[in-house]
file entry.tsv (TSV, C-alpha atoms)
chain	number	residue	atom	x	y	z
A	1	MET	CA	82.29	120.76	88.65
A	2	SER	CA	80.89	117.22	88.94
A	3	PHE	CA	80.69	115.28	92.19
A	4	ARG	CA	83.47	112.95	91.08
A	5	GLU	CA	85.80	115.77	90.13
A	6	LYS	CA	85.26	117.40	93.53
A	7	SER	CA	85.83	113.99	95.11
A	8	ASP	CA	89.12	113.63	93.23
A	9	TRP	CA	90.25	117.10	94.35
A	10	LEU	CA	89.52	116.13	97.94
A	11	SER	CA	91.33	112.82	97.59
A	12	PHE	CA	94.32	114.52	95.98
A	13	ALA	CA	94.48	117.21	98.68
A	14	SER	CA	94.10	114.74	101.55
A	15	LEU	CA	96.73	112.43	100.05
A	16	CYS	CA	99.12	115.38	100.05
A	17	LEU	CA	98.90	115.24	103.86
A	18	LEU	CA	101.02	112.09	103.79
A	19	GLY	CA	103.78	114.26	102.37
A	20	ILE	CA	104.39	115.43	105.95
A	21	TYR	CA	105.38	111.87	106.85
A	22	PHE	CA	107.80	111.49	103.95
A	23	PHE	CA	109.23	114.93	104.65
A	24	GLU	CA	109.90	113.85	108.23
A	25	ILE	CA	111.44	110.57	107.05
A	26	GLY	CA	113.70	112.50	104.67
A	27	ARG	CA	114.63	114.93	107.43
A	28	GLY	CA	115.47	111.99	109.69
A	29	VAL	CA	117.71	110.44	107.03
A	30	VAL	CA	119.50	113.77	106.48
A	31	MET	CA	120.00	114.18	110.24
A	32	GLY	CA	121.47	110.68	110.47
A	33	GLY	CA	118.55	109.04	112.28
A	34	GLN	CA	118.24	111.80	114.87
A	35	GLY	CA	114.91	113.02	113.53
A	36	GLY	CA	112.60	111.68	116.25
A	37	GLY	CA	112.04	109.23	119.06
A	38	PRO	CA	111.53	105.47	118.66
A	39	TYR	CA	107.75	105.75	118.21
A	40	TYR	CA	107.76	109.12	116.46
A	41	TYR	CA	107.43	107.83	112.88
A	42	PHE	CA	105.03	105.06	113.84
A	43	THR	CA	102.75	107.54	115.62
A	44	LEU	CA	103.07	110.18	112.90
A	45	PHE	CA	102.17	107.65	110.19
A	46	TRP	CA	99.02	106.39	111.89
A	47	VAL	CA	97.93	109.88	112.94
A	48	LEU	CA	98.21	111.04	109.33
A	49	VAL	CA	96.44	107.93	107.98
A	50	GLY	CA	93.67	108.49	110.56
A	51	ALA	CA	93.43	112.17	109.61
A	52	LEU	CA	93.28	111.21	105.94
A	53	LEU	CA	90.41	108.77	106.60
A	54	VAL	CA	88.46	111.27	108.72
A	55	ILE	CA	88.93	114.06	106.17
A	56	GLN	CA	87.85	111.77	103.32
A	57	VAL	CA	84.75	110.49	105.11
A	58	VAL	CA	83.64	113.88	106.45
A	59	THR	CA	84.24	115.87	103.25
A	60	HIS	CA	82.62	113.22	101.02
A	61	THR	CA	79.61	113.03	103.34
A	62	VAL	CA	79.19	116.81	103.25
A	63	LEU	CA	79.65	116.81	99.48
A	64	ALA	CA	77.06	114.05	99.01
A	65	MET	CA	74.60	115.86	101.29
A	66	ARG	CA	75.00	119.08	99.33
A	67	SER	CA	74.39	117.42	95.96
A	68	PRO	CA	72.70	114.04	96.59
A	69	ARG	CA	71.55	113.67	92.98
A	70	ASP	CA	75.11	113.97	91.63
A	71	ALA	CA	76.44	111.63	94.30
A	72	LYS	CA	73.95	108.89	93.42
A	73	MET	CA	74.65	109.15	89.70
A	74	PRO	CA	76.70	106.17	88.45
A	75	VAL	CA	80.02	106.79	86.71
A	76	ASP	CA	79.29	107.68	83.12
A	77	GLU	CA	81.29	106.72	80.03
A	78	ARG	CA	83.39	109.91	79.92
A	79	GLU	CA	84.36	109.59	83.57
A	80	ARG	CA	85.20	105.93	83.00
A	81	LEU	CA	87.45	106.96	80.09
A	82	ILE	CA	89.13	109.59	82.28
A	83	HIS	CA	89.80	106.99	84.97
A	84	LEU	CA	91.18	104.57	82.39
A	85	ARG	CA	93.46	107.17	80.82
A	86	ALA	CA	94.78	108.36	84.18
A	87	THR	CA	95.90	104.92	85.32
A	88	PRO	CA	98.72	103.98	82.83
A	89	PRO	CA	101.10	106.86	83.72
A	90	ALA	CA	100.69	106.08	87.42
A	91	TYR	CA	101.19	102.38	86.81
A	92	PHE	CA	104.32	103.12	84.77
A	93	LEU	CA	105.68	105.28	87.59
A	94	LEU	CA	104.87	102.51	90.07
A	95	LEU	CA	106.80	99.98	87.96
A	96	VAL	CA	109.81	102.27	87.55
A	97	GLY	CA	109.74	103.06	91.26
A	98	ALA	CA	109.52	99.38	92.17
A	99	PHE	CA	112.56	98.54	90.05
A	100	LEU	CA	114.51	101.50	91.44
A	101	THR	CA	113.59	100.33	94.93
A	102	ILE	CA	114.94	96.88	94.13
A	103	GLY	CA	118.12	98.67	93.05
A	104	THR	CA	118.52	100.09	96.58
A	105	MET	CA	119.35	96.55	97.80
A	106	HIS	CA	122.85	97.15	96.44
A	107	MET	CA	123.15	100.50	98.21
A	108	GLY	CA	123.07	99.12	101.73
A	109	PHE	CA	119.55	100.31	102.56
A	110	SER	CA	117.97	98.83	105.67
A	111	VAL	CA	114.65	96.95	105.59
A	112	TRP	CA	113.04	100.03	107.14
A	113	GLN	CA	114.37	102.30	104.39
A	114	PHE	CA	113.47	99.71	101.74
A	115	ALA	CA	109.87	99.62	102.99
A	116	HIS	CA	109.68	103.40	102.99
A	117	CYS	CA	110.98	103.60	99.45
A	118	ILE	CA	108.09	101.33	98.39
A	119	LEU	CA	105.58	103.37	100.42
A	120	PHE	CA	106.89	106.56	98.86
A	121	VAL	CA	106.56	105.16	95.33
A	122	ILE	CA	102.97	104.04	96.00
A	123	TRP	CA	102.14	107.48	97.39
A	124	VAL	CA	103.64	109.33	94.41
A	125	ALA	CA	101.89	106.98	91.96
A	126	GLU	CA	98.54	107.62	93.66
A	127	LEU	CA	99.15	111.37	93.56
A	128	LEU	CA	99.94	111.09	89.85
A	129	ARG	CA	96.79	109.03	89.22
A	130	TYR	CA	94.58	111.63	90.88
A	131	GLY	CA	96.55	114.43	89.24
A	132	MET	CA	96.04	112.92	85.79
A	133	ARG	CA	92.32	112.48	86.46
A	134	LEU	CA	92.05	116.14	87.41
A	135	PHE	CA	94.05	117.11	84.34
A	136	TYR	CA	91.61	115.23	82.08
A	137	TYR	CA	88.59	116.57	83.95
A	138	ARG	CA	89.89	120.12	83.44
A	139	ARG	CA	90.50	119.44	79.75
A	140	ALA	CA	86.87	118.26	79.60
A	141	VAL	CA	87.92	115.05	77.85
B	1	MET	CA	89.57	112.54	71.78
B	2	GLY	CA	89.82	116.28	72.05
B	3	ASP	CA	90.89	116.84	68.44
B	4	ASN	CA	88.10	115.17	66.53
B	5	HIS	CA	86.19	115.84	63.33
B	6	ILE	CA	82.75	115.26	64.76
B	7	THR	CA	80.55	118.29	65.10
B	8	ASN	CA	77.04	118.36	66.46
B	9	ALA	CA	73.87	120.39	66.57
B	10	ILE	CA	73.02	119.71	70.20
B	11	ARG	CA	73.08	123.34	71.29
B	12	ARG	CA	70.66	124.34	68.50
B	13	LEU	CA	68.43	121.35	69.14
B	14	ARG	CA	68.29	122.11	72.86
B	15	PHE	CA	67.26	125.66	72.03
B	16	GLU	CA	64.58	124.41	69.65
B	17	HIS	CA	63.24	122.03	72.31
B	18	GLY	CA	62.09	124.68	74.74
B	19	GLU	CA	65.60	125.76	75.73
B	20	MET	CA	66.26	122.40	77.32
B	21	THR	CA	69.09	122.68	79.83
B	22	GLN	CA	72.24	120.56	79.67
B	23	GLN	CA	71.22	119.09	83.04
B	24	ALA	CA	67.82	118.03	81.70
B	25	LEU	CA	69.41	116.41	78.65
B	26	ALA	CA	72.03	114.73	80.84
B	27	GLU	CA	69.36	113.22	83.08
B	28	ARG	CA	67.43	111.87	80.12
B	29	ILE	CA	70.44	110.12	78.61
B	30	GLY	CA	72.05	109.03	81.90
B	31	VAL	CA	75.30	111.00	81.91
B	32	THR	CA	76.57	113.98	83.89
B	33	ARG	CA	75.95	117.58	82.84
B	34	GLN	CA	79.71	117.97	82.37
B	35	THR	CA	79.68	115.14	79.83
B	36	VAL	CA	76.87	116.79	77.85
B	37	ASN	CA	78.86	120.02	77.92
B	38	ALA	CA	82.01	118.24	76.67
B	39	ILE	CA	80.04	116.57	73.85
B	40	GLU	CA	78.41	119.86	72.89
B	41	GLN	CA	81.79	121.61	72.70
B	42	GLY	CA	83.21	118.78	70.59
B	43	LYS	CA	85.80	117.90	73.23
B	44	TYR	CA	84.44	114.41	73.75
B	45	SER	CA	82.98	112.01	71.19
B	46	PRO	CA	80.19	109.98	72.80
B	47	SER	CA	79.68	106.26	72.37
B	48	LEU	CA	77.15	105.11	69.78
B	49	GLU	CA	74.71	104.31	72.56
B	50	VAL	CA	74.78	107.84	73.99
B	51	ALA	CA	74.70	109.34	70.49
B	52	PHE	CA	71.55	107.35	69.69
B	53	LYS	CA	70.00	108.36	73.02
B	54	ILE	CA	70.64	112.05	72.28
B	55	SER	CA	69.12	111.65	68.82
B	56	ALA	CA	66.09	109.92	70.33
B	57	VAL	CA	65.56	112.74	72.86
B	58	PHE	CA	65.37	115.26	70.02
B	59	GLY	CA	63.43	112.89	67.74
B	60	GLN	CA	66.02	113.26	65.00
B	61	PRO	CA	68.07	110.76	63.01
B	62	LEU	CA	71.68	110.39	64.15
B	63	GLU	CA	73.07	112.22	61.10
B	64	ALA	CA	70.90	115.26	61.88
B	65	VAL	CA	72.57	115.59	65.28
B	66	PHE	CA	76.15	114.49	64.60
B	67	HIS	CA	78.24	115.27	61.55
B	68	TYR	CA	81.55	113.72	60.64
B	69	GLN	CA	83.93	115.91	58.67
B	70	PRO	CA	86.92	113.86	57.57
B	71	ASP	CA	90.04	115.73	56.52
B	72	ALA	CA	91.59	115.26	53.09
B	73	ALA	CA	94.36	113.00	54.41
B	74	SER	CA	91.97	110.45	55.94
B	75	THR	CA	89.83	110.18	52.82
B	76	GLY	CA	92.81	109.91	50.49
B	77	VAL	CA	91.61	112.87	48.43

call {"tool": "encode", "arguments": {"input": "entry.tsv", "output": "structure tokens"}}
result
Amino acid sequence: MSFREKSDWLSFASLCLLGIYFFEIGRGVVMGGQGGGPYYYFTLFWVLVGALLVIQVVTHTVLAMRSPRDAKMPVDERERLIHLRATPPAYFLLLVGAFLTIGTMHMGFSVWQFAHCILFVIWVAELLRYGMRLFYYRRAV
Amino acid sequence: MGDNHITNAIRRLRFEHGEMTQQALAERIGVTRQTVNAIEQGKYSPSLEVAFKISAVFGQPLEAVFHYQPDAASTGV
């Protein structure tokens, strides 16, 4: 497995951490806003973003130390093709999600909910982008 | 990309060149070992530049390393 494929696995896995936040948001909506205190979501979000950053930096540093030659190698043409092919589905999802989010304006969503719909769409699109990259890496294309 | 008609003799040529490893070939042409493996298995068709570099490493003309086998439909036969 190349350095960049391992890096993408790590990014994908660490991004999944943010799912905890959206799960909590969803739980709060289901419970009618009784999910947590006033600073609960704010704190949870920044704790998870901080954890994501720390995990990314630490794991990538360890990975680069274990295989420095692979880490220094520039992206080659096949990897560039994989990155290019992985982006359109995620971009399409992002567009669809953005338009659906605009649609929520007619459903009485608050600004807070509106913002979280956008955040959720960005998160899912990023997961899809990394997922598609991993799919193409596994297919060896 | 995965379903192409380009075959190659890289595996044989590596063997004939002192059992050169995929990693050694990859380093000489500036790609990852995984890319050499994908090319060798016919799952990825390299750019002309990389194809010429591979040919140069083995000291062979391009057509001795890569072979294009068009199907009947594409040639109109």

call {"tool": "residues_around", "arguments": {"input": "entry.tsv", "residues": "Gln60 in chain B", "least_positions_apart": "6", "cutoff": "10 Å", "atoms": "only C-alpha atoms", "output": "list in words"}}
result
Leu13, Phe52 and Ile54 of chain B

call {"tool": "closest_residue", "arguments": {"input": "entry.tsv", "among": "B:His5, B:Arg33, B:Lys53, B:Arg28", "to": "chain A", "atoms": "all atoms listed in the file"}}
result
B:Arg33

call {"tool": "closest_atom_pairs", "arguments": {"input": "entry.tsv", "of": "chain B", "to": "chain A", "cutoff": "6 Å", "atoms": "only C-alpha atoms", "output": "tab-separated table"}}
result
residue	atom	partner	partner_atom	distance
B:Val31	CA	A:Asp76	CA	5.3
B:Ala38	CA	A:Ala140	CA	5.7
B:Lys43	CA	A:Val141	CA	5.8
B:Tyr44	CA	A:Val141	CA	5.4

call {"tool": "closest_residue", "arguments": {"input": "entry.tsv", "among": "A:Phe22, A:Val30, A:Trp46, A:Leu52", "to": "Val121 in chain A", "atoms": "all atoms listed in the file"}}
result
A:Phe22

call {"tool": "atom_distance", "arguments": {"input": "entry.tsv", "atom1": "CA of Ser47 in chain B", "atom2": "CA of Ile10 in chain B"}}
result
15.2 Å

call {"tool": "residues_around", "arguments": {"input": "entry.tsv", "residues": "Asn8 in chain B", "least_positions_apart": "6", "cutoff": "12 Å", "atoms": "only C-alpha atoms", "output": "list in words"}}
result
Arg14, Val36, Asn37, Ala38, Ile39, Glu40, Gln41, Gly42, Lys43, Tyr44, Ser45, Pro46, Ala51, Ile54, Ser55, Leu62, Glu63, Ala64, Val65, Phe66, His67, Tyr68 and Gln69 of chain B

call {"tool": "residues_around", "arguments": {"input": "entry.tsv", "residues": "Arg129 in chain A", "least_positions_apart": "4", "cutoff": "12 Å", "atoms": "only C-alpha atoms", "output": "list in words"}}
result
Asp8, Trp9, Ser11, Phe12, Leu15, Ile82, His83, Leu84, Arg85, Ala86, Thr87, Pro88, Pro89, Ala90, Tyr91, Phe92, Leu93, Leu94, Ile122, Trp123, Val124, Ala125, Arg133, Leu134, Phe135 and Tyr136 of chain A

call {"tool": "closest_residue", "arguments": {"input": "entry.tsv", "among": "B:Asp71, B:Thr21, B:Glu49, B:Thr32", "to": "Arg80 in chain A", "atoms": "all atoms listed in the file"}}
result
B:Thr32

call {"tool": "residues_around", "arguments": {"input": "entry.tsv", "residues": "Leu10 in chain A", "least_positions_apart": "2", "cutoff": "9 Å", "atoms": "all atoms listed in the file", "output": "NGL selection string"}}
result
:A and (5-8 or 12-15 or 55-56 or 59-60)

call {"tool": "atom_distance", "arguments": {"input": "entry.tsv", "atom1": "CA of Thr43 in chain A", "atom2": "CA of Cys16 in chain A"}}
result
17.8 Å

call {"tool": "atom_distance", "arguments": {"input": "entry.tsv", "atom1": "CA of Thr7 in chain B", "atom2": "CA of Gln22 in chain B"}}
result
16.9 Å

call {"tool": "closest_residue", "arguments": {"input": "entry.tsv", "among": "B:Thr35, B:Gly30, B:Arg11, B:His17", "to": "Leu81 in chain A", "atoms": "all atoms listed in the file"}}
result
B:Thr35

call {"tool": "closest_residue", "arguments": {"input": "entry.tsv", "among": "A:Thr104, A:Leu17, A:Glu24, A:Arg69", "to": "Leu53 in chain A", "atoms": "all atoms listed in the file"}}
result
A:Leu17

call {"tool": "decode", "arguments": {"input": "entry.tsv", "residues": "range 6-51 of chain B", "atoms": "C-alpha atoms", "output": "short mmCIF file (atom, residue, chain, number, x, y, z; two decimals), in the first residue's frame"}}
result
data_model
loop_
_atom_site.label_atom_id
_atom_site.label_comp_id
_atom_site.auth_asym_id
_atom_site.auth_seq_id
_atom_site.Cartn_x
_atom_site.Cartn_y
_atom_site.Cartn_z
CA ILE B 6 -2.59 -2.69 -24.23
CA THR B 7 -0.40 -5.53 -23.08
CA ASN B 8 3.22 -5.29 -22.07
CA ALA B 9 6.36 -7.31 -21.56
CA ILE B 10 7.55 -5.50 -18.44
CA ARG B 11 7.55 -8.57 -16.20
CA ARG B 12 9.68 -10.54 -18.69
CA LEU B 13 12.00 -7.60 -19.27
CA ARG B 14 12.47 -7.09 -15.54
CA PHE B 15 13.37 -10.75 -15.21
CA GLU B 16 15.84 -10.48 -18.09
CA HIS B 17 17.45 -7.42 -16.49
CA GLY B 18 18.78 -9.16 -13.42
CA GLU B 19 15.37 -9.70 -11.84
CA MET B 20 14.90 -5.98 -11.41
CA THR B 21 12.30 -5.29 -8.73
CA GLN B 22 9.18 -3.21 -9.33
CA GLN B 23 10.52 -0.76 -6.74
CA ALA B 24 13.81 -0.34 -8.63
CA LEU B 25 11.97 0.25 -11.90
CA ALA B 26 9.58 2.67 -10.19
CA GLU B 27 12.46 4.71 -8.80
CA ARG B 28 14.13 4.92 -12.19
CA ILE B 29 11.01 6.21 -13.95
CA GLY B 30 9.72 8.39 -11.09
CA VAL B 31 6.47 6.67 -10.15
CA THR B 32 5.35 4.57 -7.20
CA ARG B 33 5.82 0.80 -7.03
CA GLN B 34 2.03 0.44 -7.03
CA THR B 35 1.86 2.27 -10.37
CA VAL B 36 4.45 -0.06 -11.91
CA ASN B 37 2.44 -3.00 -10.61
CA ALA B 38 -0.79 -1.60 -12.12
CA ILE B 39 0.94 -1.04 -15.48
CA GLU B 40 2.42 -4.53 -15.42
CA GLN B 41 -0.98 -6.10 -14.74
CA GLY B 42 -2.55 -4.07 -17.54
CA LYS B 43 -4.88 -2.25 -15.14
CA TYR B 44 -3.43 1.15 -15.93
CA SER B 45 -2.18 2.51 -19.25
CA PRO B 46 0.77 4.83 -18.65
CA SER B 47 1.29 8.18 -20.33
CA LEU B 48 3.58 8.29 -23.36
CA GLU B 49 6.29 9.87 -21.22
CA VAL B 50 6.29 7.01 -18.69
CA ALA B 51 6.04 4.43 -21.48
#
